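Peer 1: The following file, upload_31.txt, comprises compact mmCIF, C-alpha atoms and all ligand atoms:
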# COMPACT_ATOMS: atom_id res chain seq x y z
CA LYS H 1 -12.86 -8.68 20.98
CA GLU H 2 -12.13 -12.08 22.54
CA TYR H 3 -13.44 -13.73 19.39
CA LEU H 4 -11.26 -11.65 17.09
CA SER H 5 -8.01 -13.06 15.81
CA ASP H 6 -4.67 -12.35 17.51
CA ARG H 7 -3.70 -10.89 14.15
CA ILE H 8 -6.20 -8.06 14.31
CA ASN H 9 -6.02 -7.56 18.06
CA SER H 10 -2.29 -6.95 17.89
CA MET H 11 -2.64 -4.44 15.05
CA ALA H 12 -2.55 -0.70 15.76
CA THR H 13 -5.27 1.53 14.33
CA SER H 14 -3.79 3.94 11.79
CA ALA H 15 -2.94 6.98 13.93
CA THR H 16 -3.52 9.42 11.10
CA LEU H 17 -7.03 8.09 10.53
CA ALA H 18 -7.67 8.03 14.29
CA MET H 19 -6.74 11.70 14.58
CA ALA H 20 -8.99 12.55 11.66
CA ALA H 21 -11.85 10.73 13.39
CA LYS H 22 -11.29 12.65 16.62
CA ALA H 23 -11.22 15.92 14.71
CA ARG H 24 -14.48 14.98 13.00
CA GLU H 25 -16.05 14.27 16.39
CA LEU H 26 -15.13 17.72 17.67
CA ARG H 27 -16.42 19.29 14.47
CA ASN H 28 -19.73 17.52 14.96
CA GLU H 29 -19.89 19.14 18.39
CA GLY H 30 -19.66 22.47 16.60
CA ARG H 31 -15.96 23.17 17.19
CA ASP H 32 -13.97 24.90 14.47
CA ILE H 33 -11.13 22.47 13.74
CA ILE H 34 -8.33 23.04 11.24
CA GLY H 35 -7.16 19.69 9.89
CA LEU H 36 -3.40 19.41 9.39
CA SER H 37 -3.38 15.69 10.08
CA LEU H 38 -4.13 14.04 6.76
CA GLY H 39 -1.69 13.14 4.02
CA GLU H 40 -3.90 14.19 1.19
CA PRO H 41 -3.45 16.93 -1.44
CA ASP H 42 -6.23 19.52 -1.30
CA PHE H 43 -6.33 19.88 -5.09
CA ASN H 44 -8.85 18.47 -7.53
CA VAL H 45 -7.85 15.75 -9.95
CA PRO H 46 -6.43 17.54 -13.03
CA ASP H 47 -8.97 17.84 -15.86
CA PHE H 48 -6.97 15.83 -18.41
CA ILE H 49 -7.15 12.83 -16.07
CA LYS H 50 -10.88 13.27 -15.48
CA VAL H 51 -11.44 13.31 -19.24
CA ALA H 52 -9.64 9.95 -19.56
CA ALA H 53 -11.76 8.45 -16.77
CA LYS H 54 -15.01 9.61 -18.38
CA GLN H 55 -13.87 8.20 -21.69
CA ALA H 56 -13.12 4.86 -20.00
CA ILE H 57 -16.68 4.69 -18.69
CA ASP H 58 -18.08 5.43 -22.16
CA ASP H 59 -15.73 2.84 -23.66
CA ASN H 60 -17.21 0.25 -21.28
CA TYR H 61 -14.18 -0.55 -19.20
CA SER H 62 -16.41 -2.38 -16.77
CA SER H 63 -15.13 -5.94 -16.57
CA TYR H 64 -12.37 -7.46 -14.47
CA SER H 65 -8.98 -6.25 -15.61
CA PRO H 66 -5.95 -8.56 -15.65
CA VAL H 67 -4.87 -9.11 -12.01
CA ASP H 68 -1.60 -7.22 -12.50
CA GLY H 69 -3.16 -4.38 -14.50
CA TYR H 70 -3.95 -3.60 -18.16
CA GLY H 71 -1.06 -4.28 -20.52
CA ASP H 72 -1.06 -0.76 -21.91
CA LEU H 73 -1.02 0.70 -18.39
CA LYS H 74 1.96 -1.46 -17.51
CA GLU H 75 3.67 -0.21 -20.66
CA ALA H 76 2.95 3.38 -19.58
CA ILE H 77 4.46 2.57 -16.18
CA SER H 78 7.57 1.15 -17.90
CA ARG H 79 7.90 4.39 -19.88
CA LYS H 80 7.47 6.43 -16.71
CA PHE H 81 10.23 4.50 -14.91
CA ARG H 82 12.55 5.05 -17.87
CA ARG H 83 11.68 8.74 -18.28
CA ASP H 84 11.75 9.82 -14.62
CA ASN H 85 14.04 7.31 -12.92
CA GLY H 86 16.34 5.89 -15.59
CA LEU H 87 15.03 2.44 -14.64
CA GLU H 88 14.32 -0.31 -17.15
CA TYR H 89 11.33 -2.30 -15.90
CA SER H 90 9.61 -4.37 -18.57
CA PRO H 91 5.82 -4.79 -18.23
CA GLU H 92 6.37 -8.29 -16.70
CA GLN H 93 8.16 -6.56 -13.86
CA VAL H 94 5.25 -4.24 -13.11
CA VAL H 95 2.20 -4.95 -10.91
CA VAL H 96 -0.65 -2.47 -10.55
CA SER H 97 -2.52 -2.54 -7.24
CA THR H 98 -5.27 -0.82 -5.29
CA GLY H 99 -3.00 1.91 -3.98
CA ALA H 100 0.66 1.82 -3.02
CA LYS H 101 -0.57 0.53 0.31
CA GLN H 102 -1.65 -2.70 -1.32
CA SER H 103 1.61 -2.82 -3.28
CA LEU H 104 3.49 -2.70 0.03
CA ALA H 105 1.27 -5.33 1.62
CA ASN H 106 1.78 -7.65 -1.38
CA VAL H 107 5.55 -7.34 -1.11
CA ALA H 108 5.53 -8.07 2.62
CA MET H 109 3.30 -11.09 2.18
CA VAL H 110 5.37 -12.64 -0.60
CA LEU H 111 8.85 -12.01 0.83
CA LEU H 112 8.61 -12.34 4.61
CA ASN H 113 8.67 -15.49 6.68
CA PRO H 114 7.91 -15.44 10.40
CA GLY H 115 10.78 -13.85 12.30
CA ASP H 116 12.38 -12.12 9.29
CA GLU H 117 13.63 -8.71 10.32
CA VAL H 118 12.75 -5.55 8.43
CA ILE H 119 14.82 -2.44 9.05
CA LEU H 120 12.66 0.68 9.32
CA PRO H 121 14.58 3.94 9.63
CA ALA H 122 12.41 5.99 12.00
CA PRO H 123 10.47 8.12 11.42
CA TYR H 124 8.75 5.77 8.98
CA TRP H 125 5.31 5.85 7.40
CA VAL H 126 2.73 4.57 9.93
CA SER H 127 1.57 1.53 8.00
CA TYR H 128 5.01 -0.04 7.41
CA ARG H 129 5.17 -1.38 10.93
CA ASP H 130 1.77 -3.01 10.90
CA ILE H 131 2.06 -4.36 7.37
CA VAL H 132 5.35 -6.03 8.34
CA LYS H 133 3.82 -7.43 11.53
CA LEU H 134 0.82 -8.75 9.63
CA ALA H 135 3.24 -10.72 7.46
CA GLU H 136 4.83 -12.02 10.71
CA GLY H 137 8.00 -10.05 10.11
CA VAL H 138 9.78 -8.22 12.90
CA PRO H 139 10.15 -4.44 12.52
CA VAL H 140 13.60 -3.23 13.58
CA GLU H 141 13.49 0.51 14.10
CA VAL H 142 16.57 2.65 13.55
CA PRO H 143 15.94 5.98 15.23
CA THR H 144 17.09 9.14 13.48
CA GLY H 145 16.71 12.72 14.70
CA ILE H 146 16.59 16.25 13.48
CA GLU H 147 20.42 16.46 13.72
CA SER H 148 20.78 14.06 10.77
CA ASP H 149 17.79 15.55 8.93
CA PHE H 150 15.93 12.35 9.96
CA LYS H 151 18.06 10.23 7.64
CA MET H 152 19.74 6.93 8.42
CA THR H 153 23.53 6.83 8.00
CA PRO H 154 25.42 3.88 6.51
CA ALA H 155 26.93 3.19 9.95
CA GLN H 156 23.46 2.98 11.50
CA LEU H 157 22.35 0.62 8.76
CA ARG H 158 25.38 -1.59 9.24
CA ALA H 159 24.77 -1.76 13.00
CA ALA H 160 21.13 -2.77 12.51
CA ILE H 161 21.86 -5.73 10.22
CA THR H 162 21.69 -9.21 11.76
CA PRO H 163 21.65 -12.67 10.17
CA LYS H 164 17.83 -12.40 10.22
CA THR H 165 17.63 -9.15 8.27
CA LYS H 166 15.51 -9.67 5.18
CA MET H 167 14.56 -6.19 4.06
CA LEU H 168 15.00 -2.44 4.39
CA TRP H 169 11.92 -0.23 3.91
CA TYR H 170 12.02 3.54 3.57
CA SER H 171 10.28 6.38 1.78
CA SER H 172 12.06 9.26 0.04
CA PRO H 173 10.74 11.94 0.00
CA CYS H 174 9.77 10.77 3.47
CA ASN H 175 6.40 10.72 5.10
CA PRO H 176 6.48 12.06 7.85
CA SER H 177 9.75 14.05 7.85
CA GLY H 178 9.77 15.40 4.29
CA SER H 179 13.46 14.42 4.07
CA VAL H 180 14.90 13.43 0.71
CA TYR H 181 17.85 11.06 0.32
CA SER H 182 20.34 12.35 -2.25
CA GLN H 183 21.97 10.05 -4.80
CA GLN H 184 25.15 10.20 -2.75
CA GLU H 185 23.40 9.25 0.48
CA LEU H 186 21.73 6.29 -1.20
CA GLU H 187 25.09 5.20 -2.60
CA GLY H 188 26.39 5.15 0.98
CA LEU H 189 23.54 2.84 2.04
CA ALA H 190 23.95 0.71 -1.09
CA ALA H 191 27.65 0.20 -0.29
CA VAL H 192 26.63 -1.44 3.00
CA LEU H 193 23.90 -3.50 1.36
CA ARG H 194 26.29 -4.84 -1.27
CA GLU H 195 28.10 -6.63 1.56
CA HIS H 196 24.82 -8.42 2.36
CA PRO H 197 23.38 -9.88 -0.84
CA GLY H 198 20.30 -11.40 0.84
CA ILE H 199 18.74 -8.11 1.89
CA PHE H 200 15.92 -6.66 -0.21
CA VAL H 201 14.96 -3.01 -0.39
CA VAL H 202 11.52 -1.44 -0.58
CA SER H 203 11.98 2.05 -1.97
CA ASP H 204 8.70 3.91 -1.55
CA GLU H 205 8.82 6.77 -4.03
CA ILE H 206 5.21 7.91 -3.92
CA TYR H 207 6.25 11.53 -3.17
CA GLU H 208 8.82 11.52 -5.98
CA HIS H 209 7.49 14.58 -7.79
CA ILE H 210 6.87 16.60 -4.63
CA ASN H 211 10.53 17.46 -4.26
CA PHE H 212 11.65 21.08 -4.01
CA ARG H 213 15.37 20.87 -4.38
CA SER H 214 17.26 17.77 -5.31
CA ARG H 215 16.86 15.50 -8.26
CA HIS H 216 14.90 12.44 -7.23
CA ALA H 217 17.17 9.43 -6.71
CA SER H 218 16.04 5.80 -7.01
CA ILE H 219 18.17 3.25 -5.20
CA ALA H 220 17.39 0.63 -7.87
CA SER H 221 19.56 2.64 -10.30
CA ILE H 222 22.67 2.15 -8.14
CA PRO H 223 24.97 -0.75 -9.14
CA GLY H 224 24.13 -3.97 -7.31
CA MET H 225 20.69 -2.81 -6.18
CA TYR H 226 18.37 -3.40 -9.15
CA ASP H 227 17.97 -7.15 -8.64
CA ARG H 228 16.85 -6.78 -5.06
CA THR H 229 14.89 -3.56 -5.01
CA ILE H 230 11.15 -3.17 -5.17
CA THR H 231 10.39 0.35 -6.37
CA VAL H 232 6.95 1.44 -5.15
CA ASN H 233 5.03 4.36 -6.57
CA GLY H 234 1.48 5.51 -7.24
CA VAL H 235 -0.73 8.37 -8.35
CA SER H 236 -2.29 9.36 -5.02
CA LYS H 237 0.02 12.19 -4.08
CA ALA H 238 1.43 13.84 -7.22
CA PHE H 239 -1.86 13.66 -9.13
CA ALA H 240 -4.19 14.29 -6.17
CA MET H 241 -5.88 10.94 -6.88
CA THR H 242 -5.95 9.48 -3.34
CA GLY H 243 -9.47 8.11 -3.67
CA TRP H 244 -8.86 6.55 -7.09
CA ARG H 245 -6.62 3.94 -5.48
CA ILE H 246 -3.87 3.12 -7.94
CA GLY H 247 -0.34 2.16 -6.90
CA TYR H 248 2.30 0.05 -8.60
CA ILE H 249 5.68 -1.61 -8.27
CA GLY H 250 8.65 -2.21 -10.51
CA ALA H 251 10.57 -5.26 -9.28
CA PRO H 252 12.50 -8.35 -10.32
CA ALA H 253 10.11 -10.44 -12.43
CA TRP H 254 9.92 -13.31 -9.89
CA ILE H 255 8.78 -10.91 -7.17
CA ALA H 256 6.24 -9.27 -9.50
CA LYS H 257 4.88 -12.69 -10.38
CA ALA H 258 4.49 -13.63 -6.71
CA CYS H 259 2.70 -10.35 -5.97
CA THR H 260 0.29 -11.02 -8.83
CA LYS H 261 -0.40 -14.51 -7.48
CA PHE H 262 -1.10 -13.11 -4.01
CA GLN H 263 -3.25 -10.23 -5.26
CA GLY H 264 -5.19 -12.68 -7.42
CA GLN H 265 -6.51 -14.36 -4.30
CA ILE H 266 -7.20 -11.18 -2.35
CA THR H 267 -8.57 -8.40 -4.57
CA SER H 268 -7.96 -9.16 -8.29
CA GLY H 269 -7.09 -6.26 -10.58
CA ALA H 270 -7.43 -2.65 -9.42
CA ASN H 271 -10.38 -0.47 -10.43
CA ALA H 272 -10.69 -0.49 -14.22
CA ILE H 273 -11.68 3.18 -14.71
CA ALA H 274 -8.90 4.42 -12.45
CA GLN H 275 -6.38 2.27 -14.32
CA ARG H 276 -7.38 3.83 -17.65
CA ALA H 277 -7.11 7.32 -16.14
CA THR H 278 -3.66 6.49 -14.77
CA ILE H 279 -2.36 5.97 -18.31
CA ALA H 280 -3.23 9.59 -19.05
CA ALA H 281 -1.67 10.74 -15.77
CA LEU H 282 1.64 8.96 -16.31
CA ASP H 283 2.00 9.71 -20.02
CA ALA H 284 1.55 13.45 -19.48
CA PRO H 285 4.64 15.61 -18.99
CA VAL H 286 5.42 16.31 -15.33
CA GLU H 287 5.01 19.99 -16.24
CA ASN H 288 1.25 19.38 -16.21
CA ILE H 289 1.29 19.00 -12.44
CA ARG H 290 3.99 21.59 -11.72
CA TYR H 291 1.39 24.07 -10.40
CA MET H 292 0.62 21.77 -7.47
CA ILE H 293 4.29 21.18 -6.65
CA ASP H 294 4.98 24.93 -6.80
CA GLU H 295 2.06 25.59 -4.49
CA PHE H 296 3.31 23.00 -1.95
CA HIS H 297 6.73 24.64 -2.14
CA LYS H 298 5.24 28.07 -1.32
CA ARG H 299 3.28 26.64 1.58
CA ARG H 300 6.31 24.83 2.92
CA ASP H 301 8.22 28.10 3.04
CA LEU H 302 5.27 29.78 4.73
CA ILE H 303 4.78 27.14 7.43
CA LEU H 304 8.54 27.00 8.13
CA GLN H 305 8.62 30.75 8.56
CA LEU H 306 5.59 30.72 10.87
CA LEU H 307 6.79 27.75 12.94
CA GLY H 308 10.18 29.43 13.27
CA GLU H 309 8.42 32.06 15.34
CA VAL H 310 6.98 29.51 17.80
CA GLU H 311 9.21 29.07 20.82
CA GLY H 312 10.04 25.45 21.57
CA PHE H 313 9.57 24.08 18.04
CA ARG H 314 12.72 22.76 16.35
CA VAL H 315 12.15 22.20 12.64
CA ASN H 316 14.33 20.78 9.86
CA VAL H 317 13.91 22.04 6.31
CA PRO H 318 11.97 19.28 4.58
CA GLU H 319 12.88 19.09 0.91
CA GLY H 320 9.84 17.18 -0.23
CA ALA H 321 6.38 15.68 0.42
CA PHE H 322 3.95 18.03 2.22
CA TYR H 323 4.78 17.61 5.89
CA VAL H 324 6.82 19.32 8.55
CA PHE H 325 7.97 17.29 11.50
CA PRO H 326 8.96 19.57 14.37
CA ASP H 327 10.71 18.25 17.45
CA VAL H 328 8.52 19.45 20.33
CA SER H 329 10.32 17.72 23.21
CA TYR H 330 10.92 21.18 24.70
CA PHE H 331 7.36 21.00 26.04
CA PHE H 332 7.62 17.58 27.69
CA GLY H 333 7.20 17.76 31.45
CA LYS H 334 5.68 21.24 31.22
CA GLU H 335 2.19 22.22 32.30
CA LEU H 336 0.01 24.16 29.88
CA ARG H 337 -3.40 25.47 30.93
CA GLY H 338 -3.44 22.96 33.78
CA LYS H 339 -2.59 20.02 31.51
CA THR H 340 0.67 18.15 31.87
CA ILE H 341 2.40 17.43 28.57
CA GLY H 342 4.20 14.11 29.03
CA ASN H 343 4.90 13.22 25.42
CA ALA H 344 4.11 13.99 21.78
CA SER H 345 0.70 12.32 21.97
CA ASP H 346 -0.32 14.58 24.89
CA PHE H 347 1.00 17.52 22.91
CA ALA H 348 -0.97 16.67 19.77
CA LEU H 349 -4.10 16.17 21.84
CA TYR H 350 -3.51 19.50 23.57
CA LEU H 351 -3.25 21.26 20.22
CA LEU H 352 -6.46 19.63 19.07
CA GLU H 353 -8.48 20.42 22.17
CA GLU H 354 -7.13 23.88 22.98
CA ALA H 355 -6.18 25.29 19.58
CA GLY H 356 -8.56 23.29 17.43
CA VAL H 357 -5.69 22.14 15.22
CA ALA H 358 -5.41 18.47 14.25
CA THR H 359 -1.85 17.15 13.88
CA VAL H 360 -0.42 13.64 14.36
CA THR H 361 1.84 12.45 17.15
CA GLY H 362 5.32 11.37 16.08
CA GLU H 363 4.96 8.25 18.21
CA ALA H 364 2.91 6.74 15.41
CA PHE H 365 5.92 7.13 13.12
CA GLY H 366 8.47 5.85 15.61
CA SER H 367 9.72 9.36 16.57
CA PRO H 368 8.32 10.18 19.99
CA ASP H 369 9.86 13.69 20.18
CA CYS H 370 8.00 15.03 17.17
CA ILE H 371 4.60 15.83 15.73
CA ARG H 372 3.61 15.88 12.07
CA LEU H 373 1.82 18.78 10.45
CA SER H 374 0.58 18.40 6.91
CA TYR H 375 0.60 21.59 4.86
CA ALA H 376 -1.75 20.21 2.25
CA ALA H 377 -4.08 23.00 3.41
CA SER H 378 -4.84 26.52 2.19
CA GLU H 379 -2.57 29.41 3.04
CA SER H 380 -5.23 30.98 5.26
CA GLU H 381 -5.75 27.72 7.15
CA ILE H 382 -2.00 27.39 7.68
CA ARG H 383 -1.74 30.97 8.97
CA GLU H 384 -4.70 30.60 11.29
CA ALA H 385 -3.54 27.19 12.59
CA ILE H 386 -0.08 28.43 13.53
CA ARG H 387 -1.53 31.60 15.06
CA ARG H 388 -3.76 29.48 17.30
CA ILE H 389 -0.90 27.13 18.19
CA ARG H 390 1.21 30.11 19.29
CA GLU H 391 -1.67 31.39 21.33
CA VAL H 392 -2.20 28.18 23.34
CA LEU H 393 1.51 27.70 23.95
N1 LIG E 401 3.52 5.33 1.09
C1 LIG E 401 3.60 6.50 1.76
C2 LIG E 401 4.92 6.96 2.25
C3 LIG E 401 2.44 7.25 1.98
O1 LIG E 401 2.51 8.40 2.65
C4 LIG E 401 1.20 6.77 1.52
C5 LIG E 401 -0.05 7.49 1.78
O2 LIG E 401 -0.21 8.18 2.74
C6 LIG E 401 1.18 5.55 0.84
C7 LIG E 401 2.36 4.87 0.64
C8 LIG E 401 -0.10 4.93 0.34
O3 LIG E 401 -0.52 5.49 -0.84
P1 LIG E 401 -1.78 4.94 -1.63
O4 LIG E 401 -2.82 6.00 -1.52
O5 LIG E 401 -1.29 4.78 -3.03
O6 LIG E 401 -2.20 3.66 -1.03
Please go through the file and, once you have read it, give me the structure as structure tokens.
Ligand code: PLP
Peer 2:
Amino acid sequence: KEYLSDRINSMATSATLAMAAKARELRNEGRDIIGLSLGEPDFNVPDFIKVAAKQAIDDNYSSYSPVDGYGDLKEAISRKFRRDNGLEYSPEQVVVSTGAKQSLANVAMVLLNPGDEVILPAPYWVSYRDIVKLAEGVPVEVPTGIESDFKMTPAQLRAAITPKTKMLWYSSPCNPSGSVYSQQELEGLAAVLREHPGIFVVSDEIYEHINFRSRHASIASIPGMYDRTITVNGVSKAFAMTGWRIGYIGAPAWIAKACTKFQGQITSGANAIAQRATIAALDAPVENIRYMIDEFHKRRDLILQLLGEVEGFRVNVPEGAFYVFPDVSYFFGKELRGKTIGNASDFALYLLEEAGVATVTGEAFGSPDCIRLSYAASESEIREAIRRIREVL
């Protein structure tokens, strides 16, 4: 470790992956563990997308693609932005990357200078913090709680802005809270941002389609925001294509160009077969994937009902994504089966060891009163997991 760079030594290991590794360890010891820790749909890739991927192999899509993605894929992404978000991004404003994670890393690397502050409404997705730090930016966390449905208010945003503020990063629907910002709420934030023309916005919309109530709102469509918003999206979540690794941005052309330059030195173009398959995914009507969204909706209602029966859990009603994010601070300072629960990490570990249920501590997301449960699991797994949790509490 002493020979490793300060860069890597100061980086946190992804808490969601760490929990999955611990769960795997217990499974290898023969324990029956129910995994509610990963942010991954438990569906197969829809057949029409598989067909396109197989065709791409037969058509010999085997060479390097353009760094920023195939032209016809970027055109499909332009159409998608217009159809779903009312956003006009020309293909020059689109960059395709190896997952939305790489899209986010590109943006951080091309826009942040050392010491630039990035506002992260907490809870935020685990990797934001470390991606920002890797680019030598300074994460500025704005805590939100269950009272405000885990959403940042315009007043909180205003109070967090300093002369060093360079960016605001958020996801809606949110991982981990499942909260969805309405058009009106985004307009409130945009009104504050319009007073500060030098602040850029990363709007992570990867859960866009997994939204059970409101119409999805993109901040780039609000007056004054388009020229300084980077809209991030990808196919991992809505199309159950996590392992295919395709994400993309729509952004001002000069930012897109910088991301392409950066990506060209790091990874080149994303996987060719997966890019071809993504054209089929994005060109298809959203109705083609409705069955998955409907299923997540059913499971959300189920897990909310079951968690409502667990004393000490306070849960909001997440409108999107596939997570619930209960406040479990009721248990802090209590002793359960001889173990003292000091914080959310102790609590998550307790659930893993005693109930055999893997969750993720909210500390990883900047919300130390909460834990995250993913309901991208079967109905019987959800029922059994919550039954066991009740039992050990
Ligand atoms: N953004 C959010 C909010 C996520 O939850 C995830 C995945 O967990 C990503 C981005 C990364 O997605 P991808 O698989 O496209 O890299």
Peer 1: So, counting only C-alpha atoms, which residue among H:Ala52, H:Ile255, H:Ala21, H:Pro368 is closest to Leu112 of chain H?
Peer 2: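 Residue with the minimum atom-to-atom distance to Leu112 of chain H: H:Ile255.
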Peer 1: Identify which of the residues H:Thr231, H:Ile222, H:Phe43, H:Ala155 lies closest to Leu104 of chain H, counting only C-alpha atoms when measuring atom-to-atom distances.
Peer 2: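 So, comparing all the options, the nearest one is H:Thr231.
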Peer 1: Could you list, as a PyMOL selection string, every residue within 10 Å of Ala321 of chain H, counting only C-alpha atoms and ignoring same-chain residues fewer than 6 positions away?
Peer 2: chain H and resi 39+172-180+206-212+237-238+293+296-297+300+374-376
Peer 1: Which residue is closest to Ser90 of chain H? Choose from H:Ile246, H:Leu302, H:Ala281, H:Ala76 and count all atoms listed in the file.
Peer 2: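 Nearest candidate to Ser90 of chain H out of H:Ile246, H:Leu302, H:Ala281, H:Ala76: H:Ala76.
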Peer 1: Please determine, counting all atoms listed in the file, which residue among H:Ala18, H:Met241, H:Val45, H:Val201 has the shortest atom-to-atom distance to ligand LIG 401 (chain E).
Peer 2: H:Met241
Peer 1: Atom CA of Pro114 of chain H to atom N1 of ligand LIG 401 (chain E): how many Å, to one decimal?
Peer 2: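 Those two atoms sit 23.2 Å apart.
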Peer 1: Given a cut-off of 7 Å, what residues near ligand LIG 401 (chain E) show up using only C-alpha atoms and all ligand atoms, put as a PyMOL selection string?
Peer 2: chain H and resi 39+98-102+125+171+174-175+204+206+234-236+242+245-247
Peer 1: In Å, how far is it from atom CA of Glu381 of chain H to atom CA of Gly312 of chain H?
Peer 2: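 Taking atom CA of Glu381 of chain H and atom CA of Gly312 of chain H, their separation equals 21.5 Å.
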Peer 1: Just give me the gap between atom CA of Gln183 of chain H and atom CA of Ala217 of chain H in Å, one decimal is fine.
Peer 2: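 Interatomic distance, atom CA of Gln183 of chain H to atom CA of Ala217 of chain H: 5.2 Å.
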Peer 1: Render segment 145-177 of chain H from the structure in the preceding block as a file of C-alpha atoms, as a compact mmCIF listing (two decimals), in the first residue's frame.
Peer 2:
# COMPACT_ATOMS: atom_id res chain seq x y z
CA GLY H 145 -33.99 13.79 5.13
CA ILE H 146 -37.16 11.82 4.93
CA GLU H 147 -39.17 14.96 5.88
CA SER H 148 -38.38 16.54 2.50
CA ASP H 149 -38.68 13.23 0.64
CA PHE H 150 -34.85 13.33 0.41
CA LYS H 151 -34.96 16.28 -1.99
CA MET H 152 -32.90 19.45 -1.86
CA THR H 153 -34.85 22.72 -1.62
CA PRO H 154 -33.91 25.89 -3.51
CA ALA H 155 -32.99 27.52 -0.18
CA GLN H 156 -30.58 24.68 0.61
CA LEU H 157 -29.02 25.00 -2.82
CA ARG H 158 -28.60 28.74 -2.43
CA ALA H 159 -26.94 28.30 0.96
CA ALA H 160 -24.47 25.74 -0.41
CA ILE H 161 -23.20 27.94 -3.26
CA THR H 162 -19.83 29.62 -2.79
CA PRO H 163 -17.54 31.43 -5.25
CA LYS H 164 -15.84 28.05 -5.79
CA THR H 165 -18.98 26.16 -6.79
CA LYS H 166 -18.52 24.65 -10.22
CA MET H 167 -21.20 22.01 -10.49
CA LEU H 168 -24.32 20.40 -9.07
CA TRP H 169 -24.72 16.62 -9.47
CA TYR H 170 -27.90 14.71 -8.74
CA SER H 171 -29.90 11.73 -9.96
CA SER H 172 -33.66 11.73 -10.50
CA PRO H 173 -35.17 9.19 -10.03
CA CYS H 174 -32.62 8.97 -7.25
CA ASN H 175 -30.37 6.13 -6.31
CA PRO H 176 -30.59 5.48 -3.33
CA SER H 177 -33.81 7.21 -2.20
